[in-house]
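Quick look at target-v9.tsv (TSV, C-alpha atoms (C1' of nucleotides)):
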chain	number	residue	atom	x	y	z
A	1	MET	CA	26.89	-232.24	-122.67
A	2	ARG	CA	29.19	-231.46	-119.78
A	3	ILE	CA	28.32	-229.51	-116.70
A	4	GLY	CA	29.89	-226.26	-117.83
A	5	GLU	CA	27.98	-226.24	-121.08
A	6	LEU	CA	24.74	-226.99	-119.31
A	7	ALA	CA	25.48	-224.25	-116.81
A	8	SER	CA	25.90	-221.61	-119.46
A	9	ALA	CA	23.01	-222.94	-121.54
A	10	SER	CA	20.65	-222.83	-118.59
A	11	GLY	CA	22.01	-219.92	-116.63
A	12	ILE	CA	22.35	-222.10	-113.56
A	13	SER	CA	25.73	-222.40	-111.85
A	14	ARG	CA	27.70	-225.64	-111.92
A	15	ASP	CA	27.52	-225.75	-108.18
A	16	SER	CA	23.76	-225.50	-108.29
A	17	LEU	CA	23.57	-228.27	-110.87
A	18	ARG	CA	25.58	-230.56	-108.61
A	19	PHE	CA	23.37	-229.48	-105.75
A	20	TYR	CA	20.27	-230.40	-107.76
A	21	GLU	CA	21.78	-233.78	-108.44
A	22	ARG	CA	22.27	-234.45	-104.74
A	23	ALA	CA	18.68	-233.28	-104.23
A	24	GLY	CA	17.51	-235.84	-106.76
A	25	LEU	CA	16.19	-233.38	-109.31
A	26	LEU	CA	18.66	-233.93	-112.07
A	27	GLN	CA	20.41	-237.13	-113.10
A	28	ALA	CA	23.52	-237.33	-115.21
A	29	ARG	CA	25.28	-240.20	-116.92
A	30	ARG	CA	29.01	-240.30	-116.49
A	31	GLN	CA	31.71	-240.35	-119.13
A	32	GLN	CA	34.69	-242.71	-118.76
A	33	ASN	CA	36.67	-239.99	-117.03
A	34	GLY	CA	33.94	-239.46	-114.45
A	35	TYR	CA	32.66	-236.22	-115.90
A	36	ARG	CA	28.90	-235.73	-115.83
A	37	ASP	CA	27.17	-236.16	-119.18
A	38	TYR	CA	23.83	-234.46	-119.64
A	39	PRO	CA	21.32	-234.99	-122.45
A	40	ALA	CA	20.27	-231.91	-124.40
A	41	GLU	CA	16.83	-232.04	-122.82
A	42	ALA	CA	18.36	-231.17	-119.48
A	43	VAL	CA	18.16	-227.53	-120.51
A	44	GLN	CA	14.40	-227.80	-120.80
A	45	LEU	CA	14.15	-229.63	-117.55
A	46	LEU	CA	16.04	-226.83	-115.83
A	47	LEU	CA	13.75	-224.33	-117.45
A	48	TYR	CA	10.86	-226.17	-115.89
A	49	ILE	CA	12.58	-226.22	-112.52
A	50	LYS	CA	13.20	-222.50	-112.68
A	51	THR	CA	9.59	-221.83	-113.56
A	52	ALA	CA	8.32	-224.01	-110.78
A	53	GLN	CA	10.58	-222.19	-108.36
A	54	LYS	CA	9.20	-218.87	-109.51
A	55	LEU	CA	5.78	-220.26	-108.76
A	56	GLY	CA	6.89	-220.84	-105.22
A	57	PHE	CA	7.51	-224.57	-105.31
A	58	SER	CA	10.39	-225.76	-103.19
A	59	LEU	CA	13.02	-227.99	-104.73
A	60	ALA	CA	11.62	-230.87	-102.69
A	61	GLU	CA	8.18	-230.35	-104.19
A	62	ILE	CA	9.59	-230.05	-107.67
A	63	GLY	CA	11.54	-233.24	-107.15
A	64	SER	CA	8.54	-235.23	-106.04
A	65	ASN	CA	6.48	-233.83	-108.90
A	66	LEU	CA	9.12	-234.99	-111.34
A	67	ALA	CA	9.26	-238.40	-109.69
A	68	ARG	CA	5.50	-238.77	-109.86
A	69	LEU	CA	5.70	-237.79	-113.50
A	70	ARG	CA	8.30	-240.41	-114.22
A	71	THR	CA	6.24	-243.23	-112.76
A	72	ALA	CA	2.79	-242.10	-113.83
A	73	PRO	CA	0.88	-244.75	-115.83
A	74	ASP	CA	-0.73	-241.99	-117.88
A	75	GLN	CA	1.87	-239.32	-118.27
A	76	GLU	CA	-0.43	-236.92	-120.04
A	77	ALA	CA	-3.01	-237.11	-117.30
A	78	ALA	CA	-0.26	-236.57	-114.76
A	79	ILE	CA	0.94	-233.48	-116.55
A	80	THR	CA	-2.56	-232.15	-116.81
A	81	ALA	CA	-2.99	-232.69	-113.08
A	82	LEU	CA	0.25	-230.88	-112.34
A	83	LEU	CA	-0.72	-227.97	-114.52
A	84	ALA	CA	-4.11	-227.77	-112.87
A	85	ALA	CA	-2.52	-227.82	-109.43
A	86	LYS	CA	-0.08	-225.12	-110.44
A	87	LEU	CA	-2.91	-223.04	-111.81
A	88	GLN	CA	-4.71	-223.27	-108.49
A	89	VAL	CA	-1.67	-222.11	-106.61
A	90	VAL	CA	-1.16	-219.23	-108.98
A	91	GLU	CA	-4.77	-218.15	-108.77
A	92	GLN	CA	-4.79	-218.25	-105.01
A	93	ARG	CA	-1.72	-216.06	-104.90
A	94	LEU	CA	-3.27	-213.71	-107.40
A	95	ASP	CA	-6.29	-213.33	-105.16
A	96	GLU	CA	-4.20	-212.61	-102.11
A	97	LEU	CA	-2.11	-210.07	-103.92
A	98	ALA	CA	-5.14	-208.42	-105.46
A	99	ALA	CA	-6.65	-207.97	-102.02
A	100	LEU	CA	-3.47	-206.34	-100.80
A	101	ARG	CA	-3.30	-204.11	-103.84
A	102	ASN	CA	-6.85	-202.94	-103.22
A	103	GLU	CA	-6.04	-202.09	-99.63
A	104	LEU	CA	-3.02	-200.11	-100.71
A	105	GLN	CA	-4.93	-198.31	-103.42
A	106	ASN	CA	-7.68	-197.40	-101.01
A	107	ARG	CA	-5.22	-195.80	-98.68
A	108	LEU	CA	-3.39	-194.00	-101.45
A	109	GLY	CA	-6.64	-192.93	-103.04
A	110	GLN	CA	-7.33	-190.55	-100.20
A	111	VAL	CA	-6.00	-187.06	-100.77
A	112	CYS	CA	-3.79	-187.61	-97.80
A	113	PRO	CA	-3.80	-191.28	-96.84
A	114	LEU	CA	-3.60	-190.57	-93.14
A	115	ARG	CA	-5.26	-187.19	-92.73
A	116	LEU	CA	-8.36	-188.57	-91.10
A	117	GLN	CA	-6.46	-190.40	-88.41
A	118	ALA	CA	-3.24	-188.48	-87.94
A	119	GLY	CA	-2.82	-186.11	-85.04
A	120	PRO	CA	0.15	-184.23	-83.64
A	121	GLY	CA	2.97	-186.16	-82.05
A	122	THR	CA	2.28	-189.31	-84.00
A	123	SER	CA	4.32	-192.13	-82.50
A	124	PRO	CA	6.16	-194.72	-84.58
A	125	ALA	CA	3.79	-197.38	-83.33
A	126	GLU	CA	0.82	-195.29	-84.35
A	127	ALA	CA	2.33	-194.69	-87.73
A	128	ALA	CA	2.88	-198.40	-88.07
A	129	ARG	CA	-0.72	-199.05	-87.13
A	130	LYS	CA	-1.83	-196.88	-90.00
A	131	LEU	CA	0.45	-198.84	-92.27
A	132	SER	CA	-1.05	-202.19	-91.36
A	133	VAL	CA	-2.79	-203.56	-94.37
B	1	MET	CA	2.34	-206.00	-71.61
B	2	ARG	CA	4.76	-208.86	-71.14
B	3	ILE	CA	6.20	-211.01	-73.87
B	4	GLY	CA	3.84	-213.93	-73.37
B	5	GLU	CA	0.77	-211.72	-73.67
B	6	LEU	CA	2.12	-210.07	-76.78
B	7	ALA	CA	2.94	-213.48	-78.23
B	8	SER	CA	-0.59	-214.76	-77.83
B	9	ALA	CA	-2.12	-211.43	-78.88
B	10	SER	CA	-0.09	-211.32	-82.06
B	11	GLY	CA	0.28	-215.00	-82.86
B	12	ILE	CA	4.05	-214.64	-82.97
B	13	SER	CA	6.19	-216.81	-80.73
B	14	ARG	CA	8.12	-215.37	-77.80
B	15	ASP	CA	11.31	-216.56	-79.44
B	16	SER	CA	10.45	-214.69	-82.60
B	17	LEU	CA	9.69	-211.53	-80.65
B	18	ARG	CA	13.09	-211.67	-79.00
B	19	PHE	CA	14.59	-212.36	-82.41
B	20	TYR	CA	12.86	-209.27	-83.81
B	21	GLU	CA	14.26	-207.25	-80.96
B	22	ARG	CA	17.80	-208.35	-81.78
B	23	ALA	CA	17.05	-207.51	-85.41
B	24	GLY	CA	16.06	-204.00	-84.38
B	25	LEU	CA	12.42	-204.27	-85.40
B	26	LEU	CA	10.77	-204.15	-82.03
B	27	GLN	CA	11.86	-202.28	-78.92
B	28	ALA	CA	10.66	-203.01	-75.41
B	29	ARG	CA	11.01	-201.14	-72.16
B	30	ARG	CA	12.04	-203.21	-69.19
B	31	GLN	CA	10.31	-203.66	-65.86
B	32	GLN	CA	12.34	-203.56	-62.63
B	33	ASN	CA	12.71	-207.33	-62.73
B	34	GLY	CA	14.15	-207.20	-66.23
B	35	TYR	CA	11.05	-208.48	-67.97
B	36	ARG	CA	10.23	-206.88	-71.30
B	37	ASP	CA	7.35	-204.43	-71.25
B	38	TYR	CA	5.53	-203.76	-74.51
B	39	PRO	CA	3.05	-201.02	-75.26
B	40	ALA	CA	-0.37	-202.09	-76.55
B	41	GLU	CA	0.49	-200.71	-80.00
B	42	ALA	CA	3.10	-203.41	-80.41
B	43	VAL	CA	0.33	-205.71	-81.58
B	44	GLN	CA	-0.41	-203.39	-84.49
B	45	LEU	CA	3.23	-203.04	-85.29
B	46	LEU	CA	3.54	-206.81	-85.48
B	47	LEU	CA	0.52	-206.91	-87.71
B	48	TYR	CA	2.31	-204.52	-90.01
B	49	ILE	CA	5.45	-206.63	-89.90
B	50	LYS	CA	3.49	-209.75	-90.79
B	51	THR	CA	1.82	-208.01	-93.69
B	52	ALA	CA	5.07	-206.68	-95.01
B	53	GLN	CA	6.53	-210.17	-94.83
B	54	LYS	CA	3.64	-211.55	-96.81
B	55	LEU	CA	4.43	-208.92	-99.39
B	56	GLY	CA	7.89	-210.37	-99.66
B	57	PHE	CA	9.83	-207.83	-97.65
B	58	SER	CA	12.69	-209.23	-95.63
B	59	LEU	CA	12.97	-208.38	-91.97
B	60	ALA	CA	15.94	-206.19	-92.82
B	61	GLU	CA	13.88	-204.19	-95.28
B	62	ILE	CA	11.02	-203.89	-92.84
B	63	GLY	CA	13.43	-202.70	-90.18
B	64	SER	CA	14.91	-200.00	-92.35
B	65	ASN	CA	11.45	-198.93	-93.46
B	66	LEU	CA	10.43	-198.52	-89.84
B	67	ALA	CA	13.61	-196.63	-89.07
B	68	ARG	CA	13.08	-194.29	-91.99
B	69	LEU	CA	9.56	-193.78	-90.76
B	70	ARG	CA	10.74	-192.90	-87.28
B	71	THR	CA	13.13	-190.24	-88.51
B	72	ALA	CA	11.11	-188.86	-91.39
B	73	PRO	CA	10.56	-185.09	-91.18
B	74	ASP	CA	7.14	-185.54	-92.76
B	75	GLN	CA	5.81	-188.80	-91.47
B	76	GLU	CA	2.71	-188.73	-93.61
B	77	ALA	CA	4.71	-188.25	-96.77
B	78	ALA	CA	6.98	-191.08	-95.69
B	79	ILE	CA	4.05	-193.41	-95.17
B	80	THR	CA	2.59	-192.45	-98.50
B	81	ALA	CA	5.91	-193.21	-100.14
B	82	LEU	CA	6.09	-196.60	-98.44
B	83	LEU	CA	2.58	-197.46	-99.50
B	84	ALA	CA	3.33	-196.43	-103.06
B	85	ALA	CA	6.47	-198.55	-103.10
B	86	LYS	CA	4.57	-201.50	-101.70
B	87	LEU	CA	1.89	-201.04	-104.31
B	88	GLN	CA	4.48	-201.16	-107.06
B	89	VAL	CA	5.91	-204.41	-105.75
B	90	VAL	CA	2.48	-205.93	-105.48
B	91	GLU	CA	1.51	-204.89	-108.97
B	92	GLN	CA	4.68	-206.25	-110.48
B	93	ARG	CA	4.08	-209.57	-108.82
B	94	LEU	CA	0.51	-209.56	-109.99
B	95	ASP	CA	1.67	-209.07	-113.56
B	96	GLU	CA	4.16	-211.91	-113.34
B	97	LEU	CA	1.63	-214.25	-111.85
B	98	ALA	CA	-1.02	-213.28	-114.36
B	99	ALA	CA	1.36	-214.12	-117.19
B	100	LEU	CA	2.02	-217.53	-115.68
B	101	ARG	CA	-1.67	-218.12	-115.16
B	102	ASN	CA	-2.36	-217.35	-118.80
B	103	GLU	CA	0.30	-219.80	-119.90
B	104	LEU	CA	-1.16	-222.50	-117.70
B	105	GLN	CA	-4.67	-221.80	-118.89
B	106	ASN	CA	-3.59	-221.95	-122.50
B	107	ARG	CA	-2.12	-225.36	-121.99
B	108	LEU	CA	-5.08	-226.63	-120.05
B	109	GLY	CA	-7.50	-225.11	-122.52
B	110	GLN	CA	-6.51	-227.66	-125.14
B	111	VAL	CA	-8.67	-230.76	-125.11
B	112	CYS	CA	-5.56	-232.67	-124.20
B	113	PRO	CA	-2.80	-230.29	-123.25
B	114	LEU	CA	-0.10	-232.40	-124.83
B	115	ARG	CA	-1.84	-234.26	-127.62
B	116	LEU	CA	-0.25	-232.27	-130.40
B	117	GLN	CA	3.26	-232.93	-129.22
B	118	ALA	CA	3.12	-236.26	-127.41
B	119	GLY	CA	4.32	-239.39	-129.06
B	120	PRO	CA	4.94	-242.94	-127.86
B	121	GLY	CA	7.76	-243.60	-125.44
B	122	THR	CA	7.73	-240.12	-124.02
B	123	SER	CA	10.76	-239.64	-121.80
B	124	PRO	CA	10.72	-237.81	-118.50
B	125	ALA	CA	12.82	-235.06	-120.00
B	126	GLU	CA	10.39	-234.69	-122.87
B	127	ALA	CA	7.51	-234.57	-120.49
B	128	ALA	CA	9.31	-231.89	-118.54
B	129	ARG	CA	9.88	-229.92	-121.68
B	130	LYS	CA	6.16	-229.84	-122.29
B	131	LEU	CA	5.69	-228.65	-118.74
B	132	SER	CA	8.01	-225.70	-119.14
B	133	VAL	CA	5.96	-222.57	-118.88
C	1	DC	C1'	55.73	-230.60	-122.12
C	2	DT	C1'	53.49	-227.18	-119.77
C	3	DA	C1'	49.92	-224.10	-118.61
C	4	DA	C1'	45.24	-223.12	-118.43
C	5	DA	C1'	40.76	-224.48	-118.29
C	6	DG	C1'	37.61	-227.70	-116.85
C	7	DC	C1'	36.08	-231.50	-114.10
C	8	DC	C1'	35.79	-234.40	-109.61
C	9	DT	C1'	34.74	-234.95	-104.34
C	10	DG	C1'	33.74	-233.77	-99.68
C	11	DG	C1'	33.03	-230.43	-96.65
C	12	DA	C1'	32.61	-225.76	-94.90
C	13	DG	C1'	30.31	-221.30	-95.06
C	14	DT	C1'	26.35	-218.00	-95.96
C	15	DA	C1'	21.83	-215.69	-95.45
C	16	DC	C1'	17.35	-215.85	-93.67
C	17	DA	C1'	14.07	-216.59	-90.18
C	18	DC	C1'	13.37	-218.79	-86.90
C	19	DT	C1'	13.33	-222.57	-82.97
C	20	DC	C1'	15.01	-224.89	-79.08
C	21	DC	C1'	17.73	-225.47	-74.99
C	22	DA	C1'	20.17	-224.94	-70.51
C	23	DA	C1'	20.77	-222.55	-66.49
C	24	DG	C1'	18.87	-219.52	-63.78
C	25	DG	C1'	15.83	-215.37	-61.80
C	26	DT	C1'	10.75	-213.85	-60.44
C	27	DC	C1'	6.27	-214.20	-58.82
C	28	DA	C1'	1.54	-215.74	-57.37
C	29	DA	C1'	-1.14	-219.54	-55.36
C	30	DG	C1'	-1.82	-223.06	-52.03
D	1	DC	C1'	7.99	-222.70	-48.65
D	2	DT	C1'	7.43	-225.14	-52.47
D	3	DT	C1'	5.39	-225.64	-57.00
D	4	DG	C1'	4.48	-224.05	-61.41
D	5	DA	C1'	4.16	-220.56	-64.71
D	6	DC	C1'	6.62	-217.07	-66.63
D	7	DC	C1'	10.66	-214.47	-67.55
D	8	DT	C1'	15.98	-213.76	-68.55
D	9	DT	C1'	20.43	-214.75	-71.35
D	10	DG	C1'	23.63	-216.81	-74.57
D	11	DG	C1'	24.30	-220.09	-77.70
D	12	DA	C1'	23.34	-224.05	-80.59
D	13	DG	C1'	20.49	-226.23	-84.12
D	14	DT	C1'	17.17	-226.32	-88.30
D	15	DG	C1'	15.78	-225.98	-93.19
D	16	DT	C1'	16.31	-223.95	-97.72
D	17	DA	C1'	19.07	-223.04	-101.44
D	18	DC	C1'	22.85	-222.23	-102.57
D	19	DT	C1'	28.14	-220.79	-102.86
D	20	DC	C1'	32.88	-221.42	-102.21
D	21	DC	C1'	37.06	-223.93	-101.41
D	22	DA	C1'	40.93	-227.30	-101.19
D	23	DG	C1'	43.14	-230.91	-103.21
D	24	DG	C1'	43.46	-233.46	-107.02
D	25	DC	C1'	42.44	-235.55	-111.75
D	26	DT	C1'	41.70	-234.71	-117.20
D	27	DT	C1'	41.71	-232.35	-121.29
D	28	DT	C1'	43.01	-228.82	-124.63
D	29	DA	C1'	45.97	-225.27	-126.66
D	30	DG	C1'	50.40	-223.64	-127.77

Now, as a test, write the supplied structure out as structure tokens.
Amino acid sequence: MRIGELASASGISRDSLRFYERAGLLQARRQQNGYRDYPAEAVQLLLYIKTAQKLGFSLAEIGSNLARLRTAPDQEAAITALLAAKLQVVEQRLDELAALRNELQNRLGQVCPLRLQAGPGTSPAEAARKLSV
Amino acid sequence: MRIGELASASGISRDSLRFYERAGLLQARRQQNGYRDYPAEAVQLLLYIKTAQKLGFSLAEIGSNLARLRTAPDQEAAITALLAAKLQVVEQRLDELAALRNELQNRLGQVCPLRLQAGPGTSPAEAARKLSV
DNA sequence: CTAAAGCCTGGAGTACACTCCAAGGTCAAG
DNA sequence: CTTGACCTTGGAGTGTACTCCAGGCTTTAG
């Protein structure tokens, strides 16, 4: 599989794929002509990378996770550990966001969210204060 | 209030405060000697900025939100609209994260999350495939 | 055989949000 | 009157994750 195919199969630009290679996330064999040659599984690996990014992992973190995975004596245990760690991150973010949502809902739940505090001649800074969550 | 005081009161570095000024987020009057002079409300405004950043708004977005706020004919309606927009963003992120959490929990819920698929000689790419959420 | 499409490399550029620095002005304490 | 803390400016540097480009091979289609 050449880089262009992988790019369209994964939805990740050729330039990004080469960038990932420099970052150590994605290896490629080379054909005689020097072209990169990817195994079919690379698509899945990129899917994983994308997901991890969505979860807020940096490429560096993803890379070291993959490296740990490669060298783990018990790969299944390693994967379970990674999943558990991911789950923790996700749940922490969920909590934070839920707290923010509740704050917002409280303020919107009032008939007029600012009526109790607002006076005439409200300054921008005052308005901002009322916006602070 | 001078920049150093505001920095320690808000937990934002002096350099960042000057950066925010260049970005149009934070104005300051000047004293005779040229020193920046901030009103006490600046602390609250920075609190709002921090919160908005946590919510994933870029400084540019935050700046234009503040500008809209400043010029809104009905400031209360404008704030309500901003809060509602924020709430939408937060809820969308909550949904995405919840979906990811469910995926992770499903995989972890199995006695061994990979037992059904794993065989001998599992390659890194295969392992990654199983990690794809 | 030629043209187009695809690949290679190294390096520059971009956007974001800082962060640090040099060179210098201001001010209060000792 | 000096020392040290604090302030000013402009500009350079950092890290992340790309994105684009020039210059030059290789391959494929007609």

At most 12 Å is the cut-off: for each residue in chain D with any atom that close to an atom of chain A, write down the nearest atom pair and the distance in Å rounded to one decimal, counting all atoms listed in the file, chain first then increasing number, as a tab-separated table.
residue	atom	partner	partner_atom	distance
D:DG15	C1'	A:Ser58	CA	11.4
D:DT16	C1'	A:Ser58	CA	8.3
D:DA17	C1'	A:Leu59	CA	8.5
D:DC18	C1'	A:Ser16	CA	6.7
D:DT19	C1'	A:Asp15	CA	7.3
D:DC20	C1'	A:Asp15	CA	9.1
D:DC21	C1'	A:Asp15	CA	11.8
D:DC25	C1'	A:Asn33	CA	9.0
D:DT26	C1'	A:Asn33	CA	7.3
D:DT27	C1'	A:Asn33	CA	10.1

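One finds atom C1' of DC1 of chain D at 25.1 Å from atom C1' of DA22 of chain C.
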
### Query
Restricting the calculation to all atoms listed in the file, which member of B:Lys50, B:Arg2, B:Arg30, B:Arg107 is positioned closest to Ile62 of chain B?
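Between B:Lys50, B:Arg2, B:Arg30, B:Arg107, the residue approaching Ile62 of chain B most closely is B:Lys50.
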
### Message
So that I can see what lies close to DA4 of chain C, please list as an MDAnalysis selection string the residues with an atom at most 10 Å from it, counting all atoms listed in the file and leaving out residues fewer than 2 positions away in the same chain.
### Response
(chainID C and resid 2 6) or (chainID D and resid 28:29)

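Between chain C and the residues A:Ala52, A:Ile79, A:Val43, A:Ile3, the shortest atom-to-atom distance, using only C-alpha atoms (C1' of nucleotides), involves A:Ile3.
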
#### Entry: Residues within 8 Å of (40.7, -231.6, -105.3), counting all atoms listed in the file, listed as a list of chain:residue names
C:DC8, C:DT9, D:DA22, D:DG23, D:DG24, D:DC25

Resulting file, chosen residues, C-alpha atoms (C1' of nucleotides), as a tab-separated table (two decimals), in the frame of the given file:
chain	number	residue	atom	x	y	z
C	8	DC	C1'	35.79	-234.40	-109.61
C	9	DT	C1'	34.74	-234.95	-104.34
D	22	DA	C1'	40.93	-227.30	-101.19
D	23	DG	C1'	43.14	-230.91	-103.21
D	24	DG	C1'	43.46	-233.46	-107.02
D	25	DC	C1'	42.44	-235.55	-111.75

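What separates atom CA of Gln75 of chain A from atom CA of Tyr48 of chain A is a distance of 16.1 Å.
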
### Message
When you look at segment 89-95 of chain A with a cut-off of 12 Å (counting all atoms listed in the file), what residues show up, excluding the ones that are within fewer than 2 positions of it in the same chain? I need them as number ranges by chain.
### Response
A: 51-52, 54-57, 82-87, 97-102; B: 54-55, 90-105

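Going from atom CA of Ile49 of chain A to atom CA of Ala23 of chain A covers 12.5 Å.
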
Exercise answer, chain C residues close to chain B, 8 Å and all atoms listed in the file, as an mmCIF file with C-alpha atoms (C1' of nucleotides), keeping the file's coordinate frame:
data_model
loop_
_atom_site.group_PDB
_atom_site.id
_atom_site.type_symbol
_atom_site.label_atom_id
_atom_site.label_comp_id
_atom_site.auth_asym_id
_atom_site.auth_seq_id
_atom_site.Cartn_x
_atom_site.Cartn_y
_atom_site.Cartn_z
ATOM 1 C "C1'" DC C 18 13.370 -218.790 -86.900
ATOM 2 C "C1'" DT C 19 13.330 -222.570 -82.970
ATOM 3 C "C1'" DT C 26 10.750 -213.850 -60.440
#

Exercise on segment 6-24 of chain C, axis-aligned box with 4 Å per side, report centre and edge lengths in Å to one decimal, as JSON:
{"center_x": 25.5, "center_y": -225.3, "center_z": -90.3, "size_x": 32.3, "size_y": 27.3, "size_z": 61.1}

### Task
Pick out the closest residue to chain A from this set: B:Ser64, B:Thr71, B:Gln53, B:Gln44. Count only C-alpha atoms.
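Counting only C-alpha atoms, the residue closest to chain A is B:Gln44.
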
### Query
From the list A:Arg18, A:Arg36, A:Arg29, A:Arg70, which residue is nearest chain B when using all atoms listed in the file?
A:Arg70

### Query
So which one's closest to chain A, B:Leu47, B:Leu17, B:Ala81, B:Leu6? Using all atoms listed in the file, please.
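Closest candidate: B:Leu47.
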
If you count only C-alpha atoms (C1' of nucleotides), which residues fall within 12 Å of DC20 of chain C, apart from same-chain ones fewer than 3 positions away, as a PDB file with C-alpha atoms (C1' of nucleotides), in the coordinates of the input?
ATOM      1  CA  ARG B  14       8.120-215.370 -77.800  1.00  0.00           C
ATOM      2  CA  ASP B  15      11.310-216.560 -79.440  1.00  0.00           C
ATOM      3  CA  SER B  16      10.450-214.690 -82.600  1.00  0.00           C
TER       4      SER B  16
ATOM      5  C1'  DG D  11      24.300-220.090 -77.700  1.00  0.00           C
ATOM      6  C1'  DA D  12      23.340-224.050 -80.590  1.00  0.00           C
ATOM      7  C1'  DG D  13      20.490-226.230 -84.120  1.00  0.00           C
ATOM      8  C1'  DT D  14      17.170-226.320 -88.300  1.00  0.00           C
TER       9       DT D  14
END

### Residue among B:Leu45, B:Ile12, B:Ala40, B:Ala28 lying closest to chain A, counting only C-alpha atoms
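Ranking B:Leu45, B:Ile12, B:Ala40, B:Ala28 by distance to chain A, first place goes to B:Leu45.
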